[in-house]
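K.L.:
My questions all concern the structure below.
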Amino acid sequence: MTTVQTTAPALVHGRSGRIGATDFDVERVRRDFPILREKVHGKPLVYLDSAATSQKPQAVIDAMSRFLLKENANVHRGVHYLAERATDAYEGARSKVQRFLNAEHAEEIIFVRGTTEAINLVAQTYGKTHLGDGDEVLITEMEHHSNIVPWQMLCEQTGARLRVAPINDTGELLLEEFEKLIGPRTRLVAVTHVSNVLGTVNPIRRIVEMAHARGARVLVDGAQAAPHLDIDVQALGCDFYAFSGHKMYGPTGIGVLYGRSELLDAMPPYQGGGDMILSVSFEKTIYNKSPAKFEAGTPNMAGAVGLGAAVDFLGSLNREALVAHEQDVLDYGIRALAEVPGLRLIGTARGKASVISFVLDDVHPHDIGTILDREGIAIRTGHHCAQPLMSRLGVVATARASLACHSTRRDIDALVSGLGKVREIFR
Amino acid sequence: MSAALRDLYQEVVIDHSKQPRNFRKLEGATRTAEGFNPLCGDQLTLYVKLADGVIEDIAFQGAGCAISKASASLMTAALKGKKQEEALALFRRVHILLTEGPSGAVKPEEVGKLAALSGVWEFPMRVKCATLAWHTLRNALEATGSTQ
């Protein structure tokens with residue numbers, strides 16, 4: 001029997017319960033993922049790259065193909081039977097996401113291509129109308145390029161300044177420094193919920209309190225949080241929350257921007273086109289309300305349906321047991337990797353989720369990745385779209401193993417044995 | 001270990017990656033170019049001392065995987081004293097070997113010690129690692145600037 005030592009108590013929802021990792025039937029969950037039966041180079045697939053993109057459960061694959069087989073038509077346009085079915089399916093997915101995030105209104109859920117587009121949307125609509133010369137956007141050293149570059153572009157356009165809050169060597173945000181950096185000109189704070197390199201879970205509620213106390217709005221990059229954490233945007237108090245479908249067992253090409261309705265109402269449209277208007281004439285066009293205002297053109301309907309199915313899939317799992325299970329595999333992985341000679345863990349924050357980054361002696365992560373691949377093990381290697389973080393940590397790249405609901409201690413054992421092969425080649 | 005891995009990480013490759021030759025800043029370089037591999041963040045600076053179309057000396061610095069480092073090291077060792085056109089002709093042969101493998105149009109013995117890289121063709125994702133130094137060289141010879 002394993003007692004779960006959770007390193008991140010903040011993650012455990014409903015702590016009064018006694019549900020632990022052993023209450024999670026991971027073998028049953030694994031059967032939901034057809035790709036896990038695949039062989040790679042003749043070896044069983046060990047997929048430890050879910051932070052890059054998650055694998056898809058059968059229910060998501062089925063929901064998308066059912067939509068295309070039986071329900072496909074353009075949404076919000078026709079009066080025929082299929083148009084209605086398709087619209088119901090698409091809007092039904094929006095309601096599912098609303099409940100997933102505990103948003104107050106379905107109109108606060110905007111379908112986009114992914115986290116990247118969600119952040120760009122906020123930068124180019126809210127940002128462009130609310131920031132001017134001398135204003136500031138505050139981010140952190142641990143951000144993904146997609147939560148850096150859109151703000152740099154906005155700053156170039158508006159004359160605003162990008163400020164960066166530091167982290168410590170374990171990969172934790174320095175909250176005191178962070179608070180000091182929120183000044184009278186700070187209009188927006190953009191911060192990741194869970195770091196894609198370090199696994200650090202940021203204290204979003206405190207960050208929101210600090211920012212709101214000084215009149216700044218907060219956007220949360222939830223790409224890595226959505227598959228692992230319970231998200232309640234009202235409890236977090238954030239103004240915008242962005243995430244991608246494909247990292248939480250849904251398809252690529254669909255993601256979500258949540259925005260508080262009073263902010264969305266005051267924002268200009270993102271792109272112009274069909275569906276985002278109430279009426280168009282050559283003299284004057286009247287824009288639709290949110291979410292239509294931000295969803296110009298025919299949307300990714302099958303993608304939204306797939307995302308809805310992914311929300312249902314996550315909902316079908318015992319969330320408390322899932323969190324405990326993932327934490328158990330994470331803790332096991334951290335302990336096992338720490339014992340590999342020459343291995344150095346990157347990111348040892350107290351609150352961590354789902355990601356283990358490391359370097360091994362002077363072996364470049366790409367060589368580690370190639371050798372592990374021949375063992376059927378998929379990990380991510382490189383700078384993880386976080387080059388400023390790499391230079392802060394003083395590494396050019398890391399190897400990263402990342403977990404999902406189907407991850408097991410066996411996966412970790414395979415990784416450790418694969419790293420033995422790496423050391424053999426580079427001894 | 002699989003045969004493919006053994007072909008990729010030959011002893012010569014491991015040796016050159018751990019103790020890269022000509023791994024230094026070259027004083028008096030007449031050409032300098034920088035190469036990046038955006039996929040992995042590999043970075044390489046190449047220094048060439050060119051006189052009358054002959055590569056009198058060549059060196060490099062940078063960070064990268066074993067394949068890119070070994071390739072740069074082997075390249076610099078092979079090119080000292082070579083004419084500019086000879087260097088580019090060698091690149092064409094190496095490129096064919098890297099993409100087609102030892103049974104392709106270029107035989108390993110046609111490229112000398114660079115034949116140690118003949119296992120790369122089985123790893124298409126790694127061809128860019130092996131060609132980074134060469135693309136940077138071409139940039140250095142054609143003009144000073146940086147190459148992607």
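FYI, nothing fancy with the structure tokens labels: chains A, B, ... in order, residues from 1 per chain, ligands from 1 as they appear.
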Please provide the set of residues having any atom within 8 Å of range 292-308 of chain A, restricted to only C-alpha atoms, with same-chain residues fewer than 3 positions apart removed, written as JSON, numbers by chain.
P.N.:
{"A": [60, 61, 63, 64, 67, 68, 74, 75, 86, 89, 90, 92, 93, 94, 96, 97, 110, 111, 112, 245, 249, 250, 251, 252, 253, 254, 269, 270, 271, 272, 273, 274, 275, 276, 277, 287, 288, 289, 311, 312]}
K.L.:
Identify, on the basis of only C-alpha atoms, every residue whose closest approach to Lys107 in chain B does not exceed 12 Å; exclude the query and any residue fewer than 5 positions from it along the same chain; express the result as a list in words.
P.N.:
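Selected residues are Arg93, Val94, His95, Ile96, Leu97, Leu98, Glu100, Gly101, Pro102, Gly112, Leu114, Ala115, Ala116, Leu117 and Ser118 of chain B.
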K.L.:
For chain B, report every residue with an atom at most 10 Å from chain A (counting only C-alpha atoms), formatted as a PDB file with N, CA and C atoms, in the first residue's frame.
P.N.:
ATOM      1  N   MET B   1      21.880  -2.600 -27.499  1.00  0.00           N
ATOM      2  CA  MET B   1      21.700  -1.354 -28.253  1.00  0.00           C
ATOM      3  C   MET B   1      21.383  -1.673 -29.718  1.00  0.00           C
ATOM      4  N   SER B   2      20.504  -0.899 -30.323  1.00  0.00           N
ATOM      5  CA  SER B   2      20.133  -1.188 -31.702  1.00  0.00           C
ATOM      6  C   SER B   2      21.283  -0.838 -32.646  1.00  0.00           C
ATOM      7  N   ALA B   4      21.110   0.706 -35.404  1.00  0.00           N
ATOM      8  CA  ALA B   4      20.987   2.082 -35.877  1.00  0.00           C
ATOM      9  C   ALA B   4      21.654   3.056 -34.904  1.00  0.00           C
ATOM     10  N   LEU B   5      21.430   2.815 -33.612  1.00  0.00           N
ATOM     11  CA  LEU B   5      22.052   3.693 -32.611  1.00  0.00           C
ATOM     12  C   LEU B   5      23.564   3.573 -32.633  1.00  0.00           C
ATOM     13  N   ARG B   6      24.026   2.319 -32.821  1.00  0.00           N
ATOM     14  CA  ARG B   6      25.470   2.109 -32.886  1.00  0.00           C
ATOM     15  C   ARG B   6      26.062   2.843 -34.092  1.00  0.00           C
ATOM     16  N   LEU B   8      24.814   5.521 -35.437  1.00  0.00           N
ATOM     17  CA  LEU B   8      24.711   6.967 -35.216  1.00  0.00           C
ATOM     18  C   LEU B   8      25.818   7.446 -34.277  1.00  0.00           C
ATOM     19  N   TYR B   9      25.904   6.776 -33.146  1.00  0.00           N
ATOM     20  CA  TYR B   9      26.875   7.208 -32.141  1.00  0.00           C
ATOM     21  C   TYR B   9      28.159   6.374 -32.242  1.00  0.00           C
ATOM     22  N   GLN B  10      28.798   6.440 -33.404  1.00  0.00           N
ATOM     23  CA  GLN B  10      30.067   5.741 -33.563  1.00  0.00           C
ATOM     24  C   GLN B  10      31.110   6.361 -32.645  1.00  0.00           C
ATOM     25  N   GLU B  11      32.155   5.581 -32.382  1.00  0.00           N
ATOM     26  CA  GLU B  11      33.181   6.053 -31.463  1.00  0.00           C
ATOM     27  C   GLU B  11      33.758   7.412 -31.878  1.00  0.00           C
ATOM     28  N   ILE B  14      31.327  10.185 -30.866  1.00  0.00           N
ATOM     29  CA  ILE B  14      31.373  10.452 -29.416  1.00  0.00           C
ATOM     30  C   ILE B  14      32.667  11.191 -29.078  1.00  0.00           C
ATOM     31  N   ASP B  15      33.774  10.721 -29.654  1.00  0.00           N
ATOM     32  CA  ASP B  15      35.075  11.347 -29.386  1.00  0.00           C
ATOM     33  C   ASP B  15      35.067  12.819 -29.801  1.00  0.00           C
ATOM     34  N   SER B  17      32.555  14.748 -30.237  1.00  0.00           N
ATOM     35  CA  SER B  17      31.578  15.548 -29.503  1.00  0.00           C
ATOM     36  C   SER B  17      32.122  15.891 -28.116  1.00  0.00           C
ATOM     37  N   LYS B  18      32.898  14.976 -27.561  1.00  0.00           N
ATOM     38  CA  LYS B  18      33.421  15.230 -26.215  1.00  0.00           C
ATOM     39  C   LYS B  18      34.678  16.094 -26.255  1.00  0.00           C
ATOM     40  N   PRO B  38      16.547  26.335 -34.766  1.00  0.00           N
ATOM     41  CA  PRO B  38      15.456  26.790 -33.897  1.00  0.00           C
ATOM     42  C   PRO B  38      14.735  25.639 -33.202  1.00  0.00           C
ATOM     43  N   LEU B  39      14.804  24.447 -33.768  1.00  0.00           N
ATOM     44  CA  LEU B  39      14.139  23.292 -33.155  1.00  0.00           C
ATOM     45  C   LEU B  39      14.738  22.990 -31.793  1.00  0.00           C
ATOM     46  N   CYS B  40      16.059  23.020 -31.707  1.00  0.00           N
ATOM     47  CA  CYS B  40      16.692  22.609 -30.456  1.00  0.00           C
ATOM     48  C   CYS B  40      17.397  23.739 -29.737  1.00  0.00           C
ATOM     49  N   GLY B  41      17.487  24.908 -30.378  1.00  0.00           N
ATOM     50  CA  GLY B  41      18.202  25.995 -29.737  1.00  0.00           C
ATOM     51  C   GLY B  41      19.707  25.872 -29.881  1.00  0.00           C
ATOM     52  N   ASP B  42      20.163  24.943 -30.741  1.00  0.00           N
ATOM     53  CA  ASP B  42      21.595  24.822 -30.973  1.00  0.00           C
ATOM     54  C   ASP B  42      22.113  26.111 -31.597  1.00  0.00           C
ATOM     55  N   GLN B  43      23.322  26.475 -31.184  1.00  0.00           N
ATOM     56  CA  GLN B  43      23.919  27.720 -31.692  1.00  0.00           C
ATOM     57  C   GLN B  43      25.384  27.448 -31.972  1.00  0.00           C
ATOM     58  N   ALA B  63      27.059  25.720 -28.695  1.00  0.00           N
ATOM     59  CA  ALA B  63      26.456  24.663 -27.885  1.00  0.00           C
ATOM     60  C   ALA B  63      25.530  23.849 -28.768  1.00  0.00           C
ATOM     61  N   GLY B  64      25.596  22.549 -28.607  1.00  0.00           N
ATOM     62  CA  GLY B  64      24.707  21.719 -29.415  1.00  0.00           C
ATOM     63  C   GLY B  64      24.795  20.265 -28.996  1.00  0.00           C
ATOM     64  N   CYS B  65      24.060  19.432 -29.704  1.00  0.00           N
ATOM     65  CA  CYS B  65      24.036  18.013 -29.388  1.00  0.00           C
ATOM     66  C   CYS B  65      25.315  17.347 -29.904  1.00  0.00           C
ATOM     67  N   ALA B  66      25.471  16.083 -29.589  1.00  0.00           N
ATOM     68  CA  ALA B  66      26.674  15.348 -29.979  1.00  0.00           C
ATOM     69  C   ALA B  66      26.844  15.343 -31.491  1.00  0.00           C
ATOM     70  N   ILE B  67      25.743  15.203 -32.202  1.00  0.00           N
ATOM     71  CA  ILE B  67      25.818  15.114 -33.663  1.00  0.00           C
ATOM     72  C   ILE B  67      26.271  16.444 -34.258  1.00  0.00           C
ATOM     73  N   PHE B 123      18.116   8.588 -39.028  1.00  0.00           N
ATOM     74  CA  PHE B 123      17.443   9.459 -38.069  1.00  0.00           C
ATOM     75  C   PHE B 123      17.132  10.794 -38.755  1.00  0.00           C
ATOM     76  N   MET B 125      15.218  13.152 -38.289  1.00  0.00           N
ATOM     77  CA  MET B 125      15.072  14.336 -37.429  1.00  0.00           C
ATOM     78  C   MET B 125      16.433  14.933 -37.069  1.00  0.00           C
ATOM     79  N   ARG B 126      17.494  14.140 -37.227  1.00  0.00           N
ATOM     80  CA  ARG B 126      18.808  14.611 -36.793  1.00  0.00           C
ATOM     81  C   ARG B 126      19.689  15.118 -37.943  1.00  0.00           C
ATOM     82  N   CYS B 129      20.848  18.571 -37.465  1.00  0.00           N
ATOM     83  CA  CYS B 129      21.932  18.731 -36.488  1.00  0.00           C
ATOM     84  C   CYS B 129      23.270  18.578 -37.201  1.00  0.00           C
TER      85      CYS B 129
END
K.L.:
May I ask for the distance between CA of Ile148 in chain A and CA of Ala123 in chain A, given in Å to one decimal place?
P.N.:
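Result for CA of Ile148 in chain A versus CA of Ala123 in chain A: 10.7 Å, one decimal.
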K.L.:
Which neighbours of Thr186 in chain A fall inside 10 Å, counting only C-alpha atoms, when residues of the same chain fewer than 4 positions from it are skipped, and could you give them as a list in words?
P.N.:
Leu131, Gly134, Asp135, Glu136, Val137, Leu138, Ala160, Arg161, Leu162, Arg163, Leu181, Ile182, Ala211, Arg214, Gly215, Ala216 and Arg217 of chain A
K.L.:
Suppose we keep N, CA and C atoms; can you now write the selection as a PDB file, in the first residue's frame?
P.N.:
ATOM      1  N   LEU A 131      -3.885  49.857 -23.365  1.00  0.00           N
ATOM      2  CA  LEU A 131      -2.487  50.176 -23.060  1.00  0.00           C
ATOM      3  C   LEU A 131      -1.981  51.281 -23.963  1.00  0.00           C
ATOM      4  N   GLY A 134       4.114  54.097 -22.112  1.00  0.00           N
ATOM      5  CA  GLY A 134       4.513  54.145 -20.705  1.00  0.00           C
ATOM      6  C   GLY A 134       3.772  53.165 -19.800  1.00  0.00           C
ATOM      7  N   ASP A 135       2.690  52.567 -20.299  1.00  0.00           N
ATOM      8  CA  ASP A 135       2.012  51.538 -19.507  1.00  0.00           C
ATOM      9  C   ASP A 135       2.863  50.267 -19.475  1.00  0.00           C
ATOM     10  N   GLU A 136       2.473  49.343 -18.596  1.00  0.00           N
ATOM     11  CA  GLU A 136       3.311  48.154 -18.427  1.00  0.00           C
ATOM     12  C   GLU A 136       2.511  46.866 -18.448  1.00  0.00           C
ATOM     13  N   VAL A 137       3.154  45.828 -18.989  1.00  0.00           N
ATOM     14  CA  VAL A 137       2.645  44.456 -18.915  1.00  0.00           C
ATOM     15  C   VAL A 137       3.654  43.683 -18.088  1.00  0.00           C
ATOM     16  N   LEU A 138       3.177  42.954 -17.083  1.00  0.00           N
ATOM     17  CA  LEU A 138       4.081  42.192 -16.220  1.00  0.00           C
ATOM     18  C   LEU A 138       3.915  40.695 -16.482  1.00  0.00           C
ATOM     19  N   ALA A 160       4.095  50.543 -24.818  1.00  0.00           N
ATOM     20  CA  ALA A 160       4.087  50.015 -23.446  1.00  0.00           C
ATOM     21  C   ALA A 160       5.395  49.267 -23.187  1.00  0.00           C
ATOM     22  N   ARG A 161       5.621  48.941 -21.906  1.00  0.00           N
ATOM     23  CA  ARG A 161       6.881  48.327 -21.520  1.00  0.00           C
ATOM     24  C   ARG A 161       6.597  46.936 -20.933  1.00  0.00           C
ATOM     25  N   LEU A 162       7.438  45.974 -21.299  1.00  0.00           N
ATOM     26  CA  LEU A 162       7.292  44.621 -20.765  1.00  0.00           C
ATOM     27  C   LEU A 162       8.211  44.463 -19.564  1.00  0.00           C
ATOM     28  N   ARG A 163       7.639  44.057 -18.438  1.00  0.00           N
ATOM     29  CA  ARG A 163       8.463  43.838 -17.251  1.00  0.00           C
ATOM     30  C   ARG A 163       8.385  42.362 -16.877  1.00  0.00           C
ATOM     31  N   LEU A 181       6.871  44.721  -8.502  1.00  0.00           N
ATOM     32  CA  LEU A 181       6.883  45.091  -9.919  1.00  0.00           C
ATOM     33  C   LEU A 181       5.511  45.530 -10.438  1.00  0.00           C
ATOM     34  N   ILE A 182       4.472  45.293  -9.632  1.00  0.00           N
ATOM     35  CA  ILE A 182       3.144  45.782 -10.054  1.00  0.00           C
ATOM     36  C   ILE A 182       3.054  47.246  -9.662  1.00  0.00           C
ATOM     37  N   ALA A 211      -2.582  41.904  -8.019  1.00  0.00           N
ATOM     38  CA  ALA A 211      -2.772  42.698  -9.236  1.00  0.00           C
ATOM     39  C   ALA A 211      -4.024  43.559  -9.125  1.00  0.00           C
ATOM     40  N   ARG A 214      -3.985  46.718  -7.251  1.00  0.00           N
ATOM     41  CA  ARG A 214      -3.336  47.856  -7.912  1.00  0.00           C
ATOM     42  C   ARG A 214      -3.990  48.163  -9.260  1.00  0.00           C
ATOM     43  N   GLY A 215      -5.158  47.599  -9.465  1.00  0.00           N
ATOM     44  CA  GLY A 215      -5.929  47.953 -10.660  1.00  0.00           C
ATOM     45  C   GLY A 215      -5.472  47.297 -11.947  1.00  0.00           C
ATOM     46  N   ALA A 216      -4.658  46.245 -11.843  1.00  0.00           N
ATOM     47  CA  ALA A 216      -4.206  45.562 -13.063  1.00  0.00           C
ATOM     48  C   ALA A 216      -5.078  44.340 -13.328  1.00  0.00           C
ATOM     49  N   ARG A 217      -5.267  44.028 -14.606  1.00  0.00           N
ATOM     50  CA  ARG A 217      -6.008  42.828 -14.992  1.00  0.00           C
ATOM     51  C   ARG A 217      -5.057  41.651 -15.083  1.00  0.00           C
TER      52      ARG A 217
END
K.L.:
Calculated over only C-alpha atoms, which of the candidates A:Asp221, A:Asp361, A:Glu117, A:Asp239 has the smallest distance to Ile139 in chain A?
P.N.:
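Using only C-alpha atoms, the shortest distance to Ile139 in chain A belongs to A:Asp221.
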K.L.:
If you run DSSP over the backbone, which residues in chain B end up helix (DSSP H, G or I)? Put them as number ranges by chain.
P.N.:
B: 3-8, 11-18, 66-79, 84-100, 108-122, 124-142
K.L.:
Where does DSSP see strand (DSSP E) in range 23-124 of chain A, if you list the residues as number ranges by chain?
P.N.:
A: 39-40, 43-44, 46-47, 109-112
K.L.:
Go ahead and write the selection's residues with all heavy atoms as a short mmCIF file (atom, residue, chain, number, x, y, z; two decimals), in the first residue's frame.
P.N.:
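As a result, again-v7.cif now contains:
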data_model
loop_
_atom_site.label_atom_id
_atom_site.label_comp_id
_atom_site.auth_asym_id
_atom_site.auth_seq_id
_atom_site.Cartn_x
_atom_site.Cartn_y
_atom_site.Cartn_z
N LYS A 39 3.23 -0.01 -30.91
CA LYS A 39 4.64 -0.30 -30.64
C LYS A 39 5.49 0.73 -31.39
O LYS A 39 5.15 1.14 -32.50
CB LYS A 39 4.99 -1.70 -31.13
CG LYS A 39 4.27 -2.78 -30.31
CD LYS A 39 5.28 -3.78 -29.76
CE LYS A 39 4.72 -4.47 -28.55
NZ LYS A 39 4.35 -5.86 -28.79
N VAL A 40 6.60 1.12 -30.79
CA VAL A 40 7.53 2.06 -31.41
C VAL A 40 8.89 1.38 -31.47
O VAL A 40 9.42 0.96 -30.43
CB VAL A 40 7.61 3.37 -30.59
CG1 VAL A 40 8.73 4.26 -31.12
CG2 VAL A 40 6.28 4.10 -30.65
N LYS A 43 9.05 -1.74 -29.59
CA LYS A 43 8.86 -1.72 -28.14
C LYS A 43 7.52 -1.08 -27.80
O LYS A 43 7.03 -0.25 -28.56
CB LYS A 43 9.99 -0.89 -27.48
CG LYS A 43 11.40 -1.25 -27.91
CD LYS A 43 12.08 -2.10 -26.86
CE LYS A 43 13.41 -2.66 -27.33
NZ LYS A 43 14.50 -1.70 -27.38
N PRO A 44 6.93 -1.48 -26.68
CA PRO A 44 5.67 -0.83 -26.29
C PRO A 44 5.88 0.67 -26.08
O PRO A 44 6.89 1.08 -25.51
CB PRO A 44 5.29 -1.50 -24.96
CG PRO A 44 6.23 -2.63 -24.77
CD PRO A 44 7.40 -2.46 -25.68
N VAL A 46 6.00 4.13 -24.57
CA VAL A 46 5.97 4.77 -23.25
C VAL A 46 5.86 6.27 -23.53
O VAL A 46 6.83 6.91 -23.93
CB VAL A 46 7.26 4.45 -22.46
CG1 VAL A 46 7.27 5.23 -21.14
CG2 VAL A 46 7.36 2.96 -22.20
N TYR A 47 4.66 6.79 -23.38
CA TYR A 47 4.42 8.18 -23.79
C TYR A 47 4.57 9.12 -22.61
O TYR A 47 3.70 9.18 -21.73
CB TYR A 47 3.04 8.31 -24.43
CG TYR A 47 2.86 9.65 -25.12
CD1 TYR A 47 3.50 9.91 -26.32
CD2 TYR A 47 2.10 10.65 -24.54
CE1 TYR A 47 3.38 11.14 -26.95
CE2 TYR A 47 1.95 11.88 -25.16
CZ TYR A 47 2.60 12.12 -26.37
OH TYR A 47 2.49 13.34 -26.99
N ILE A 109 -17.15 32.15 -22.72
CA ILE A 109 -16.29 31.12 -23.30
C ILE A 109 -16.14 31.38 -24.80
O ILE A 109 -17.11 31.28 -25.55
CB ILE A 109 -16.90 29.72 -23.09
CG1 ILE A 109 -17.21 29.47 -21.62
CG2 ILE A 109 -16.00 28.63 -23.69
CD1 ILE A 109 -16.01 29.56 -20.69
N ILE A 110 -14.94 31.71 -25.21
CA ILE A 110 -14.68 31.98 -26.63
C ILE A 110 -13.83 30.86 -27.18
O ILE A 110 -12.77 30.54 -26.62
CB ILE A 110 -13.94 33.33 -26.80
CG1 ILE A 110 -14.82 34.46 -26.25
CG2 ILE A 110 -13.60 33.58 -28.26
CD1 ILE A 110 -14.02 35.67 -25.88
N PHE A 111 -14.29 30.26 -28.27
CA PHE A 111 -13.49 29.22 -28.91
C PHE A 111 -12.44 29.86 -29.81
O PHE A 111 -12.76 30.73 -30.64
CB PHE A 111 -14.37 28.26 -29.72
CG PHE A 111 -15.13 27.29 -28.86
CD1 PHE A 111 -16.51 27.14 -29.00
CD2 PHE A 111 -14.47 26.51 -27.91
CE1 PHE A 111 -17.21 26.24 -28.21
CE2 PHE A 111 -15.17 25.60 -27.11
CZ PHE A 111 -16.54 25.47 -27.27
N VAL A 112 -11.21 29.41 -29.62
CA VAL A 112 -10.08 29.89 -30.43
C VAL A 112 -9.29 28.67 -30.89
O VAL A 112 -9.70 27.54 -30.64
CB VAL A 112 -9.18 30.85 -29.60
CG1 VAL A 112 -9.88 32.16 -29.34
CG2 VAL A 112 -8.75 30.19 -28.30
#
K.L.:
Residues near range 24-37 of chain A, anyone? I mean within 8 Å using only C-alpha atoms, not counting same-chain ones fewer than 5 positions away, as a list in words.
P.N.:
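Those residues are Pro44, Leu45, Val46, Tyr47, Gln55, Lys56, Pro57, Gln58, Ala59, Asn318, Ala321, Leu322, His325, Cys405, His406, Ser407 and Thr408 of chain A.
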K.L.:
What separation in Å, quoted to one decimal, exists between CA of Gly347 in chain A and CA of Leu219 in chain A?
P.N.:
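Taking CA of Gly347 in chain A and CA of Leu219 in chain A, their separation equals 23.1 Å.
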K.L.:
Env of Ile412 in chain A: 12 Å cut, atoms = only C-alpha atoms, seq-sep filter 3 positions within chain, self excluded. Answer as a ChimeraX atom specification.
P.N.:
/A:46-48,328-338,340,356,377-379,401-403,407-409,415-419
K.L.:
Would you output that residue set with N, CA, C and O atoms, as a compact mmCIF listing (two decimals), in the first residue's frame?
P.N.:
# COMPACT_ATOMS: atom_id res chain seq x y z
N VAL A 46 6.00 4.13 -24.57
CA VAL A 46 5.97 4.77 -23.25
C VAL A 46 5.86 6.27 -23.53
O VAL A 46 6.83 6.91 -23.93
N TYR A 47 4.66 6.79 -23.38
CA TYR A 47 4.42 8.18 -23.79
C TYR A 47 4.57 9.12 -22.61
O TYR A 47 3.70 9.18 -21.73
N LEU A 48 5.67 9.82 -22.60
CA LEU A 48 5.95 10.77 -21.51
C LEU A 48 6.11 12.17 -22.09
O LEU A 48 7.00 12.92 -21.72
N ASP A 328 1.37 10.83 -7.30
CA ASP A 328 2.14 9.64 -6.90
C ASP A 328 3.19 9.30 -7.95
O ASP A 328 4.35 9.05 -7.62
N VAL A 329 2.78 9.30 -9.22
CA VAL A 329 3.74 8.97 -10.28
C VAL A 329 4.80 10.07 -10.37
O VAL A 329 5.99 9.79 -10.57
N LEU A 330 4.39 11.32 -10.19
CA LEU A 330 5.34 12.43 -10.22
C LEU A 330 6.38 12.28 -9.10
O LEU A 330 7.59 12.37 -9.35
N ASP A 331 5.92 12.04 -7.89
CA ASP A 331 6.84 11.90 -6.75
C ASP A 331 7.76 10.70 -6.96
O ASP A 331 8.96 10.78 -6.69
N TYR A 332 7.19 9.61 -7.45
CA TYR A 332 7.99 8.41 -7.73
C TYR A 332 9.06 8.73 -8.78
O TYR A 332 10.23 8.35 -8.64
N GLY A 333 8.65 9.44 -9.81
CA GLY A 333 9.57 9.81 -10.89
C GLY A 333 10.70 10.71 -10.40
O GLY A 333 11.86 10.53 -10.76
N ILE A 334 10.35 11.68 -9.57
CA ILE A 334 11.36 12.61 -9.06
C ILE A 334 12.38 11.83 -8.22
O ILE A 334 13.59 12.02 -8.36
N ARG A 335 11.88 10.92 -7.38
CA ARG A 335 12.79 10.13 -6.53
C ARG A 335 13.67 9.23 -7.38
O ARG A 335 14.88 9.14 -7.18
N ALA A 336 13.06 8.56 -8.38
CA ALA A 336 13.81 7.60 -9.20
C ALA A 336 14.86 8.32 -10.05
O ALA A 336 16.00 7.85 -10.15
N LEU A 337 14.49 9.45 -10.62
CA LEU A 337 15.45 10.16 -11.49
C LEU A 337 16.59 10.77 -10.68
O LEU A 337 17.73 10.82 -11.14
N ALA A 338 16.26 11.20 -9.46
CA ALA A 338 17.30 11.81 -8.63
C ALA A 338 18.42 10.82 -8.35
O ALA A 338 19.54 11.22 -8.04
N VAL A 340 19.60 8.62 -10.55
CA VAL A 340 20.39 8.31 -11.75
C VAL A 340 21.70 9.10 -11.67
O VAL A 340 21.66 10.33 -11.55
N ILE A 356 8.63 16.69 -15.24
CA ILE A 356 9.98 16.50 -14.67
C ILE A 356 11.00 16.84 -15.75
O ILE A 356 11.13 16.15 -16.75
N ILE A 377 10.38 5.16 -25.92
CA ILE A 377 10.03 6.18 -24.92
C ILE A 377 10.02 7.56 -25.57
O ILE A 377 11.01 7.99 -26.15
N ALA A 378 8.88 8.23 -25.45
CA ALA A 378 8.74 9.57 -26.04
C ALA A 378 8.84 10.61 -24.94
O ALA A 378 8.02 10.66 -24.02
N ILE A 379 9.90 11.44 -25.02
CA ILE A 379 9.99 12.60 -24.13
C ILE A 379 10.24 13.82 -25.00
O ILE A 379 10.50 13.70 -26.19
N ALA A 401 10.21 14.84 -19.12
CA ALA A 401 9.19 13.80 -19.08
C ALA A 401 7.94 14.41 -18.50
O ALA A 401 8.02 15.09 -17.47
N SER A 402 6.81 14.23 -19.15
CA SER A 402 5.58 14.81 -18.61
C SER A 402 4.48 13.76 -18.56
O SER A 402 4.43 12.86 -19.39
N LEU A 403 3.62 13.91 -17.58
CA LEU A 403 2.68 12.86 -17.22
C LEU A 403 1.25 13.17 -17.67
O LEU A 403 0.91 14.31 -17.98
N SER A 407 -0.37 7.71 -17.08
CA SER A 407 1.03 7.43 -16.73
C SER A 407 1.10 6.49 -15.53
O SER A 407 0.23 6.52 -14.65
N THR A 408 2.16 5.69 -15.52
CA THR A 408 2.31 4.72 -14.43
C THR A 408 3.75 4.75 -13.92
O THR A 408 4.65 5.29 -14.56
N ARG A 409 3.96 4.10 -12.78
CA ARG A 409 5.32 3.94 -12.27
C ARG A 409 6.16 3.11 -13.25
O ARG A 409 7.37 3.28 -13.33
N LEU A 415 11.82 4.69 -18.27
CA LEU A 415 12.64 5.89 -18.50
C LEU A 415 14.00 5.75 -17.82
O LEU A 415 15.05 6.03 -18.42
N VAL A 416 13.98 5.30 -16.57
CA VAL A 416 15.24 5.16 -15.83
C VAL A 416 16.14 4.14 -16.52
O VAL A 416 17.35 4.38 -16.68
N SER A 417 15.55 3.03 -16.98
CA SER A 417 16.37 2.03 -17.65
C SER A 417 16.89 2.58 -18.99
O SER A 417 18.04 2.32 -19.37
N GLY A 418 16.09 3.36 -19.68
CA GLY A 418 16.53 4.00 -20.93
C GLY A 418 17.69 4.96 -20.69
O GLY A 418 18.62 5.05 -21.48
N LEU A 419 17.63 5.67 -19.57
CA LEU A 419 18.72 6.61 -19.25
C LEU A 419 20.02 5.85 -18.98
O LEU A 419 21.11 6.37 -19.22
